[in-house]
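One structure is given here, and the rest of the page talks about it.
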Amino acid sequence: MNEFVAPEIDWLALAPLIVVLGAGVVGVLLEAFVPARARRVTQVVLTLAALAGALAFVAVLWPQIVAQPVQVVGGSVTLTPFALGTQGIIAVLAFLGVLVVADRTSTGQDAFAPTASAVPGTSYEDLARRSGLEQTEIYPLLLFAAGGMMLFASTDDLIVMFIALEVLSLPLYVLCATARRRRLLSQEAAAKYFLLGAFASALFIFGVALIYGFAGTVRLLEIAQKVQQGGLPLEGMTGLLVAGVLLVTVGLLFKIGAVPFHAWTPDVYTGAPTPITGFMAACTKAAAVAALVEVLYRVSVGVGGISPDVLRQLQVVIVVVAVLTMAVGTVIGSVQTDVKRLLAYSSIAHAGFLLVGIAGFVNADGAGLNSQVQSSTLFYLLAYGIATIGAFAVVTLVRERRVTPGGGEDNGPVEDDGVVLGEATEIAQWAGLGRKAPWLTAAFALFLLSMAGIPLTAGFIAKFGAFTGATTGGLWWLAVLGVLASVVAVAFYLRLLVVMVFQPGTIEPAAQVEPSQVEPVETGVSTSSTSDGGETGVSTSSTSESVEGEGGVATATQVQVTAPQRVVVTVVRSRGPAAVAIAVCAIATVILGVFPSLVLNLAAEASKFVP
């Protein structure tokens with residue numbers, strides 16, 4: 001009778017994961033035991049402390065893992081420098097993302113509905129809003145999502161990778177449906193994300209089944225070793241391995257937002273709460289890209305041992321997806337009129353740029369793997385994530401405000417009713433923003449220039465590294481296409497900058513109602529016209545009065561028309577967290593663009609022992 005032998009676990013190696021996921025469990029308990037008045041502050045402090053603690057453990061583990069990678073829990077977690085570097089990047093980006101999530105603007109409201117489960121427009125939702133309820137459950141959900149991302153990028157076991165995929169995805173499905181405003185759009189985004197994500201997960205696990213049928217194991221290193229050894233059971237079954245790897249790759253490309261698996265990205269990015277969009281765009285992409293690199297490199301060790309032609313087939317798939325992704329992201333992004341949708345297609349384009357670098361994972365001569373891809377990928381994920389979180393943080397502060405115009409020559413706003421509406425996401429609404437908030441505009445311009453890859457920004461160094469990885473892999477023509485796509489992307493980034501800086505601001509009128517259009521009635525009535533953006537038109541009321549004359553009693557109706565209300569774009573003040581996140585992202589974008597040596601050296605160390 002065999003006795004169970006408990007595995008020896010290096011708890012220090014698991015410390016970053018334990019801190020984040022353990023804090024998520026504690027956060028759930030806080031929802032039950034901490035009084036409501038102190039719950040929000042407690043959750044924010046716990047979340048930020050957990051992410052900072054995870055980053056501290058990554059720094060402590062770095063010298064040890066660079067010297068010797070370790071396998072933990074029987075090989076379920078393989079902690080390499082690349083995996084540890086990815087965990088550090090996710091912790092940094094998640095910390096900045098939580099700062100934006102935790103922000104409450106000068107209006108005293110955050111971006112989340114008081115009761116996300118309430119049907120939009122019902123009396124229950126109105127009662128919850130008037131009662132001042134807050135959704136503090138979002139912070140444990142963010143921790144679970146971040147923990148799943150960190151595990152997703154650092155496991156060698158495909159089953160554990162699938163579990164991590166679900167751990168990071170399920171909280172995001174819920175968080176996408178929690179927007180305070182535009183509730184139906186938010187819930188629609190969550191439903192689309194959930195349904196398409198379920199299909200992607202099904203393809204992923206089916207690919208895992210095919211790989212298991214080929215090798216009899218789901219651990220990537222063991223698969224590579226068995227393929228290298230060869231043998232009769234594996235003869236003629238290479239197609240099964242290739243099909244399985246392709247299906248697993250499809251599941252990862254869905255999370256990256258690459259074409260043709262990108263359909264969810266514009267709608268979800270637009271409908272989700274803006275802070276969640278920034279968190280998701282930066283952190284999820286980092287985890288999925290890192291997992292894709294891990295799978296390609298580890299499996300390619302064994303595939304290359306059989307036939308370089310099979311390795312080239314995998315490379316062709318990545319190349320085709322990279323070209324399509326760059327084309328769709330840049331071309332369709334250039335005609336967008338909504339800021340969030342523009343940033344969504346920008347995210348798709350950047351997925352293509354990342355894949356350009358990843359496509360060079362095979363050396364030009366076909367012998368061996370290109371280690372430069374790993375270091376350039378890590379730097380790109382950090383640079384892109386910082387710019388993305390900063391850009392969406394700016395979007396959260398640009399709002400619509402309802403005002404009452406005066407009677408002067410310019411009919412300018414003279415009375416502010418203090419009603420702040422949702423984010424002003426139409427690009428035309430951002431006209432004149434440079435005059436209203438010059439520092440905020442400068443920060444947003446810096447983020448856009450970094451995404452465009454302009455020199456002296458982090459984005460330039462990131463794209464240069466990605467394109468260099470493609471050329472060292474013999475794909476110089478793909479690097480040229482990447483440069484051309486970047487030029488096209490610069491056009492729509494600059495278009496937004498021109499609108500903000502050089503075009504004057506405008507006031508958007510609501511529907512005007514003339515007195516002649518109002519039907520006289522004999523009872524007091526108040527009517528108004530509203531639009532989806534919250535614009536309110538002229539309010540009219542009528543009163544009836546009996547007047548006795550020679551011919552009898554007549555009814556006179558007096559129609560009163562109040563001044564029309566219009567919408568202007570304003571910049572609301574942050575109470576601290578979002579402003580700090582924007583400042584840190586702006587400073588980091590400049591430092592990584594001007595002095596990138598330190599981070600590049602760390603990224604180079606992260607590629608030494610992978611695979």
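Convention: chains lettered A, B, ... in structure tokens order; per-chain residue numbering from 1; ligands numbered from 1 as shown.
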Check your understanding: Neighbours of A:Ala286 within 9 Å (only C-alpha atoms; same-chain residues fewer than 3 positions away dropped), as a VMD selection string?
Key -> chain A and resid 86 89 to 90 149 153 256 281 to 283 289 to 291 378 381 to 382 385
Could the residues in this selection be written to a file with all heavy atoms, as an mmCIF file, in the first residue's frame?
data_model
loop_
_atom_site.group_PDB
_atom_site.id
_atom_site.type_symbol
_atom_site.label_atom_id
_atom_site.label_comp_id
_atom_site.auth_asym_id
_atom_site.auth_seq_id
_atom_site.Cartn_x
_atom_site.Cartn_y
_atom_site.Cartn_z
ATOM 1 N N THR A 86 6.981 39.002 -14.740
ATOM 2 C CA THR A 86 5.586 39.259 -15.097
ATOM 3 C C THR A 86 4.738 39.517 -13.858
ATOM 4 O O THR A 86 3.866 40.396 -13.854
ATOM 5 C CB THR A 86 5.016 38.075 -15.884
ATOM 6 O OG1 THR A 86 5.839 37.829 -17.025
ATOM 7 C CG2 THR A 86 3.602 38.359 -16.341
ATOM 8 N N ILE A 89 5.320 43.062 -12.792
ATOM 9 C CA ILE A 89 4.639 44.023 -13.668
ATOM 10 C C ILE A 89 3.149 44.063 -13.363
ATOM 11 O O ILE A 89 2.540 45.138 -13.275
ATOM 12 C CB ILE A 89 4.897 43.654 -15.142
ATOM 13 C CG1 ILE A 89 6.360 43.915 -15.495
ATOM 14 C CG2 ILE A 89 3.982 44.444 -16.069
ATOM 15 C CD1 ILE A 89 6.742 43.445 -16.880
ATOM 16 N N ILE A 90 2.534 42.903 -13.181
ATOM 17 C CA ILE A 90 1.103 42.866 -12.870
ATOM 18 C C ILE A 90 0.824 43.545 -11.539
ATOM 19 O O ILE A 90 -0.171 44.277 -11.388
ATOM 20 C CB ILE A 90 0.604 41.409 -12.864
ATOM 21 C CG1 ILE A 90 0.660 40.829 -14.284
ATOM 22 C CG2 ILE A 90 -0.820 41.320 -12.316
ATOM 23 C CD1 ILE A 90 0.350 39.359 -14.353
ATOM 24 N N MET A 149 -4.209 36.460 -12.491
ATOM 25 C CA MET A 149 -3.270 36.884 -13.538
ATOM 26 C C MET A 149 -1.838 36.500 -13.194
ATOM 27 O O MET A 149 -1.080 36.045 -14.061
ATOM 28 C CB MET A 149 -3.369 38.406 -13.724
ATOM 29 C CG MET A 149 -4.687 38.895 -14.267
ATOM 30 S SD MET A 149 -4.811 40.688 -14.188
ATOM 31 C CE MET A 149 -6.533 40.948 -14.603
ATOM 32 N N ALA A 153 0.455 33.545 -15.457
ATOM 33 C CA ALA A 153 1.714 33.772 -16.162
ATOM 34 C C ALA A 153 2.880 32.991 -15.575
ATOM 35 O O ALA A 153 3.993 33.114 -16.084
ATOM 36 C CB ALA A 153 2.048 35.263 -16.145
ATOM 37 N N ILE A 256 -5.775 38.396 -25.117
ATOM 38 C CA ILE A 256 -4.922 39.480 -25.598
ATOM 39 C C ILE A 256 -5.734 40.499 -26.387
ATOM 40 O O ILE A 256 -5.402 41.686 -26.412
ATOM 41 C CB ILE A 256 -3.780 38.898 -26.453
ATOM 42 C CG1 ILE A 256 -2.869 38.032 -25.576
ATOM 43 C CG2 ILE A 256 -2.963 39.994 -27.124
ATOM 44 C CD1 ILE A 256 -1.812 37.281 -26.362
ATOM 45 N N ALA A 281 -7.446 46.431 -19.322
ATOM 46 C CA ALA A 281 -6.650 46.598 -20.535
ATOM 47 C C ALA A 281 -5.165 46.389 -20.261
ATOM 48 O O ALA A 281 -4.454 45.814 -21.094
ATOM 49 C CB ALA A 281 -6.883 47.988 -21.125
ATOM 50 N N ALA A 282 -4.696 46.838 -19.111
ATOM 51 C CA ALA A 282 -3.264 46.737 -18.804
ATOM 52 C C ALA A 282 -2.903 45.375 -18.230
ATOM 53 O O ALA A 282 -1.983 44.704 -18.721
ATOM 54 C CB ALA A 282 -2.873 47.847 -17.830
ATOM 55 N N CYS A 283 -3.601 44.942 -17.194
ATOM 56 C CA CYS A 283 -3.191 43.745 -16.454
ATOM 57 C C CYS A 283 -3.529 42.454 -17.185
ATOM 58 O O CYS A 283 -2.714 41.522 -17.225
ATOM 59 C CB CYS A 283 -3.830 43.758 -15.072
ATOM 60 S SG CYS A 283 -3.366 45.174 -14.049
ATOM 61 N N VAL A 289 -0.274 37.751 -22.524
ATOM 62 C CA VAL A 289 0.910 37.748 -23.393
ATOM 63 C C VAL A 289 2.026 36.916 -22.768
ATOM 64 O O VAL A 289 2.708 36.145 -23.449
ATOM 65 C CB VAL A 289 1.376 39.193 -23.653
ATOM 66 C CG1 VAL A 289 2.754 39.212 -24.310
ATOM 67 C CG2 VAL A 289 0.370 39.913 -24.541
ATOM 68 N N ALA A 290 2.238 37.066 -21.462
ATOM 69 C CA ALA A 290 3.274 36.281 -20.790
ATOM 70 C C ALA A 290 2.971 34.788 -20.877
ATOM 71 O O ALA A 290 3.875 33.966 -21.116
ATOM 72 C CB ALA A 290 3.394 36.718 -19.333
ATOM 73 N N ALA A 291 1.697 34.413 -20.698
ATOM 74 C CA ALA A 291 1.333 32.997 -20.806
ATOM 75 C C ALA A 291 1.551 32.482 -22.225
ATOM 76 O O ALA A 291 2.001 31.341 -22.419
ATOM 77 C CB ALA A 291 -0.119 32.805 -20.388
ATOM 78 N N LEU A 378 8.540 41.914 -21.995
ATOM 79 C CA LEU A 378 8.332 42.417 -20.636
ATOM 80 C C LEU A 378 8.364 43.946 -20.597
ATOM 81 O O LEU A 378 7.515 44.582 -19.960
ATOM 82 C CB LEU A 378 9.389 41.843 -19.698
ATOM 83 C CG LEU A 378 9.238 40.369 -19.314
ATOM 84 C CD1 LEU A 378 10.411 39.930 -18.445
ATOM 85 C CD2 LEU A 378 7.921 40.130 -18.585
ATOM 86 N N LEU A 381 5.138 45.357 -22.143
ATOM 87 C CA LEU A 381 3.963 45.229 -21.277
ATOM 88 C C LEU A 381 3.956 46.305 -20.194
ATOM 89 O O LEU A 381 2.902 46.868 -19.877
ATOM 90 C CB LEU A 381 3.942 43.835 -20.649
ATOM 91 C CG LEU A 381 3.693 42.666 -21.607
ATOM 92 C CD1 LEU A 381 3.825 41.343 -20.880
ATOM 93 C CD2 LEU A 381 2.323 42.788 -22.256
ATOM 94 N N LEU A 382 5.115 46.609 -19.630
ATOM 95 C CA LEU A 382 5.190 47.640 -18.601
ATOM 96 C C LEU A 382 4.906 49.016 -19.182
ATOM 97 O O LEU A 382 4.107 49.785 -18.621
ATOM 98 C CB LEU A 382 6.572 47.613 -17.945
ATOM 99 C CG LEU A 382 6.817 48.654 -16.841
ATOM 100 C CD1 LEU A 382 5.840 48.454 -15.692
ATOM 101 C CD2 LEU A 382 8.257 48.575 -16.349
ATOM 102 N N GLY A 385 1.193 49.239 -20.320
ATOM 103 C CA GLY A 385 0.275 49.228 -19.183
ATOM 104 C C GLY A 385 0.248 50.549 -18.450
ATOM 105 O O GLY A 385 -0.823 51.038 -18.055
#
Pull the closest atom pair for each residue of stretch 463-499 of chain A that gets at most 9 Å from stretch 317-326 of chain A, along with the distance in Å to one decimal, counting only C-alpha atoms, ordering rows by chain and then ascending residue number, as a tab-separated table.
residue	atom	partner	partner_atom	distance
A:Leu478	CA	A:Val319	CA	7.8
A:Leu481	CA	A:Val323	CA	7.7
A:Gly482	CA	A:Met326	CA	7.4
A:Ala485	CA	A:Met326	CA	6.3
A:Ser486	CA	A:Met326	CA	8.6
Check your understanding: So which one's closest to A:Ala52, A:Thr78, A:Thr388, A:Gln87, A:Ser346? Using only C-alpha atoms, please.
Key -> A:Gln87
Exercise for review: Name all residues at most 10 Å from A:Val293 (count only C-alpha atoms; drop same-chain ones fewer than 3 positions away) and give them as a PyMOL selection string.
Suggested key: chain A and resi 82+153+249+288-290+296-298+355+358-359+361+373-374+377+610-611
Please, could you write that set of residues out with C-alpha atoms as a compact mmCIF listing (two decimals), in the first residue's frame?
# COMPACT_ATOMS: atom_id res chain seq x y z
CA PHE A 82 10.36 35.66 -16.77
CA ALA A 153 1.71 33.77 -16.16
CA THR A 249 -3.15 29.72 -28.41
CA ALA A 288 -2.14 36.68 -21.37
CA VAL A 289 0.91 37.75 -23.39
CA ALA A 290 3.27 36.28 -20.79
CA LEU A 296 5.24 28.89 -27.32
CA TYR A 297 8.75 28.68 -25.92
CA ARG A 298 8.31 25.57 -23.83
CA LEU A 355 2.73 39.76 -31.58
CA ILE A 358 6.64 37.40 -30.29
CA ALA A 359 6.59 36.09 -33.87
CA PHE A 361 10.68 33.62 -31.17
CA VAL A 373 11.78 38.34 -27.48
CA GLN A 374 11.19 37.71 -23.78
CA THR A 377 7.98 41.69 -24.35
CA VAL A 610 13.53 30.66 -20.22
CA PRO A 611 12.79 28.08 -21.35
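The closest residue to A:Phe279, picked from A:Phe353, A:Phe112, A:Phe95, A:Phe199 and counting only C-alpha atoms, is A:Phe95.
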**Study point:** Those of stretch 167-349 of chain A in DSSP helix (DSSP H, G or I), formatted as a ChimeraX atom specification
**Key:** /A:167-175,183-215,220-229,232-234,238-256,264-271,274-306,308-333,339-349
Practice item. Considering only C-alpha atoms, return as an MDAnalysis selection string whatever protein or nucleic-acid residues lie within 12 Å of A:Asp157, sequence-local ones (same chain, fewer than 3 positions apart) excluded. Key: chainID A and resid 71:79 151:154 160:164 208 211:212 217:223 291 294:295 298
Check your understanding: What is the atom CA of A:Ala32 to atom CA of A:Gly97 distance in Å?
Key ->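 Pair atom CA of A:Ala32 / atom CA of A:Gly97 returns 25.0 Å.
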Review point. Can you tell me, as a PyMOL selection string, what residues are no more than 9 Å from stretch 447-452 of chain A when counting only C-alpha atoms, ignoring any on the same chain fewer than 2 positions away?
Key: chain A and resi 346+350+383-384+386-388+390-391+442-445+454-460+486-487+489-491+493-494+496-497+585-586+589-590+593
Store the residues of this selection in a file with N, CA, C and O atoms, as a CSV table (one decimal), in the first residue's frame.
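Result saved to part.csv:
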chain,number,residue,atom,x,y,z
A,346,SER,N,-6.9,51.1,-30.0
A,346,SER,CA,-5.5,51.2,-29.8
A,346,SER,C,-4.9,50.0,-29.1
A,346,SER,O,-3.8,49.5,-29.4
A,350,HIS,N,-2.0,47.6,-30.3
A,350,HIS,CA,-0.8,47.2,-29.5
A,350,HIS,C,-0.6,45.7,-29.3
A,350,HIS,O,0.5,45.2,-29.2
A,383,ALA,N,5.5,49.3,-20.3
A,383,ALA,CA,5.4,50.7,-20.9
A,383,ALA,C,3.9,50.9,-21.4
A,383,ALA,O,3.3,51.9,-21.1
A,384,TYR,N,3.3,49.9,-22.0
A,384,TYR,CA,2.0,50.0,-22.5
A,384,TYR,C,1.0,50.1,-21.3
A,384,TYR,O,0.0,50.9,-21.3
A,386,ILE,N,1.4,51.2,-18.2
A,386,ILE,CA,1.4,52.5,-17.5
A,386,ILE,C,0.7,53.5,-18.3
A,386,ILE,O,-0.1,54.3,-17.8
A,387,ALA,N,1.0,53.6,-19.6
A,387,ALA,CA,0.3,54.6,-20.5
A,387,ALA,C,-1.2,54.4,-20.5
A,387,ALA,O,-2.0,55.3,-20.5
A,388,THR,N,-1.6,53.1,-20.6
A,388,THR,CA,-3.1,52.8,-20.6
A,388,THR,C,-3.8,53.2,-19.4
A,388,THR,O,-4.9,53.8,-19.4
A,390,GLY,N,-2.9,55.4,-17.1
A,390,GLY,CA,-2.9,56.8,-17.1
A,390,GLY,C,-4.0,57.4,-18.0
A,390,GLY,O,-4.7,58.4,-17.6
A,391,ALA,N,-4.1,56.9,-19.2
A,391,ALA,CA,-5.1,57.5,-20.1
A,391,ALA,C,-6.5,57.3,-19.7
A,391,ALA,O,-7.3,58.2,-19.7
A,442,ALA,N,-1.8,67.8,-20.8
A,442,ALA,CA,-0.4,67.5,-21.0
A,442,ALA,C,-0.1,66.0,-20.7
A,442,ALA,O,0.6,65.3,-21.4
A,443,ALA,N,-0.6,65.6,-19.5
A,443,ALA,CA,-0.4,64.2,-19.1
A,443,ALA,C,-1.1,63.2,-20.2
A,443,ALA,O,-0.5,62.2,-20.6
A,444,PHE,N,-2.3,63.6,-20.6
A,444,PHE,CA,-3.0,62.7,-21.6
A,444,PHE,C,-2.2,62.7,-22.9
A,444,PHE,O,-2.1,61.7,-23.5
A,445,ALA,N,-1.7,63.9,-23.3
A,445,ALA,CA,-0.9,63.9,-24.5
A,445,ALA,C,0.3,63.1,-24.4
A,445,ALA,O,0.7,62.4,-25.4
A,454,ILE,N,6.4,57.7,-30.0
A,454,ILE,CA,7.3,58.9,-30.3
A,454,ILE,C,8.5,58.8,-29.4
A,454,ILE,O,8.5,58.4,-28.3
A,455,PRO,N,9.7,59.2,-30.0
A,455,PRO,CA,10.9,59.2,-29.2
A,455,PRO,C,10.9,60.0,-27.9
A,455,PRO,O,10.1,60.9,-27.7
A,456,LEU,N,11.7,59.5,-26.9
A,456,LEU,CA,11.8,60.1,-25.6
A,456,LEU,C,10.6,59.7,-24.7
A,456,LEU,O,10.3,60.3,-23.7
A,457,THR,N,9.8,58.7,-25.2
A,457,THR,CA,8.7,58.2,-24.3
A,457,THR,C,9.0,56.7,-24.2
A,457,THR,O,9.7,56.1,-25.0
A,458,ALA,N,8.3,56.0,-23.2
A,458,ALA,CA,8.5,54.6,-23.0
A,458,ALA,C,8.0,53.8,-24.2
A,458,ALA,O,8.6,52.7,-24.5
A,459,GLY,N,7.0,54.3,-24.9
A,459,GLY,CA,6.5,53.5,-26.0
A,459,GLY,C,7.4,53.4,-27.2
A,459,GLY,O,7.4,52.4,-27.9
A,460,PHE,N,8.3,54.4,-27.4
A,460,PHE,CA,9.3,54.3,-28.4
A,460,PHE,C,10.3,53.1,-28.2
A,460,PHE,O,10.6,52.3,-29.0
A,486,SER,N,2.3,51.7,-37.2
A,486,SER,CA,2.5,52.7,-36.1
A,486,SER,C,2.3,54.1,-36.7
A,486,SER,O,1.8,55.0,-36.0
A,487,VAL,N,2.8,54.4,-37.9
A,487,VAL,CA,2.6,55.7,-38.5
A,487,VAL,C,1.1,56.0,-38.7
A,487,VAL,O,0.6,57.1,-38.4
A,489,ALA,N,-1.3,54.8,-36.8
A,489,ALA,CA,-1.8,55.0,-35.5
A,489,ALA,C,-1.5,56.4,-35.0
A,489,ALA,O,-2.3,57.0,-34.3
A,490,VAL,N,-0.3,56.9,-35.4
A,490,VAL,CA,0.0,58.3,-34.9
A,490,VAL,C,-1.1,59.3,-35.4
A,490,VAL,O,-1.4,60.2,-34.7
A,491,ALA,N,-1.7,59.0,-36.6
A,491,ALA,CA,-2.6,60.0,-37.1
A,491,ALA,C,-3.8,60.1,-36.2
A,491,ALA,O,-4.2,61.3,-35.9
A,493,TYR,N,-4.0,59.4,-33.0
A,493,TYR,CA,-3.6,60.0,-31.7
A,493,TYR,C,-3.5,61.5,-31.8
A,493,TYR,O,-3.9,62.2,-31.0
A,494,LEU,N,-2.9,61.9,-32.9
A,494,LEU,CA,-2.7,63.4,-33.1
A,494,LEU,C,-4.0,64.1,-33.3
A,494,LEU,O,-4.2,65.2,-33.0
A,496,LEU,N,-6.8,63.5,-31.9
A,496,LEU,CA,-7.4,63.7,-30.6
A,496,LEU,C,-6.6,64.9,-29.9
A,496,LEU,O,-7.2,65.7,-29.3
A,497,LEU,N,-5.3,64.9,-30.1
A,497,LEU,CA,-4.5,66.0,-29.5
A,497,LEU,C,-4.9,67.4,-30.1
A,497,LEU,O,-5.0,68.4,-29.4
A,585,CYS,N,2.1,57.7,-13.5
A,585,CYS,CA,2.2,57.1,-14.9
A,585,CYS,C,2.9,58.1,-15.8
A,585,CYS,O,3.7,57.6,-16.6
A,586,ALA,N,2.7,59.4,-15.7
A,586,ALA,CA,3.3,60.3,-16.5
A,586,ALA,C,4.8,60.4,-16.3
A,586,ALA,O,5.7,60.4,-17.2
A,589,THR,N,6.4,57.2,-17.6
A,589,THR,CA,6.5,57.2,-19.1
A,589,THR,C,7.7,58.0,-19.5
A,589,THR,O,8.4,57.5,-20.5
A,590,VAL,N,8.0,59.1,-18.9
A,590,VAL,CA,9.2,59.9,-19.3
A,590,VAL,C,10.5,59.2,-18.9
A,590,VAL,O,11.4,59.1,-19.7
A,593,GLY,N,11.3,56.3,-21.0
A,593,GLY,CA,11.7,56.7,-22.4
A,593,GLY,C,13.1,57.3,-22.4
A,593,GLY,O,13.8,57.2,-23.4
Point to revise | Counting only C-alpha atoms, the option among A:Ile427, A:Ala191, A:Val335, A:Ala578 closest to A:Val98 | key: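 Going through A:Ile427, A:Ala191, A:Val335, A:Ala578 one by one, the smallest distance to A:Val98 is for A:Ala578.
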Exercise for review: Tell me which protein, DNA and RNA residues are within 8 Å of stretch 100-109 of chain A, counting only C-alpha atoms, leaving out same-chain ones fewer than 5 positions away, and put them as a count of residues only.
Suggested key: 14
Exercise for review: List the neighbours of A:Gly333 out to 10 Å using only C-alpha atoms; skip same-chain residues closer than 6 positions along the sequence, and give me the result as a list in words.
Suggested key: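 Near A:Gly333, the qualifying residues are Pro266, Ala327, Arg341, Leu342, Leu343, Ala344, Tyr345, Ser346, Ser347, Ile348, Ala349, Val488, Ala489, Ala491, Phe492 and Tyr493 of chain A.
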Taking C-alpha atoms for each residue, export the selection above as a CSV table (one decimal), in the first residue's frame.
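Writing done, so here's part.csv:
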chain,number,residue,atom,x,y,z
A,266,PRO,CA,-14.6,47.7,-28.2
A,327,ALA,CA,-4.5,46.3,-39.7
A,341,ARG,CA,-13.6,53.0,-28.3
A,342,LEU,CA,-10.5,54.7,-29.7
A,343,LEU,CA,-8.4,53.5,-26.8
A,344,ALA,CA,-10.0,50.0,-27.3
A,345,TYR,CA,-8.8,49.8,-30.9
A,346,SER,CA,-5.5,51.2,-29.8
A,347,SER,CA,-5.3,48.2,-27.4
A,348,ILE,CA,-6.0,45.9,-30.4
A,349,ALA,CA,-3.2,47.6,-32.4
A,488,VAL,CA,-1.1,55.2,-39.2
A,489,ALA,CA,-1.8,55.0,-35.5
A,491,ALA,CA,-2.6,60.0,-37.1
A,492,PHE,CA,-5.6,59.2,-34.9
A,493,TYR,CA,-3.6,60.0,-31.7
Exercise for review: Would you mind telling me which residue in A:Gln336, A:Gly121, A:Leu252, A:Tyr193 lies nearest to A:Arg495 when using only C-alpha atoms?
Suggested key: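 For A:Arg495, the nearest of the candidates is A:Gln336.
All residues of stretch 34-155 of chain A that DSSP, run on the backbone, classes as strand (DSSP E) are Val70, Gln71, Val72, Val77, Thr78 and Leu79 of chain A.
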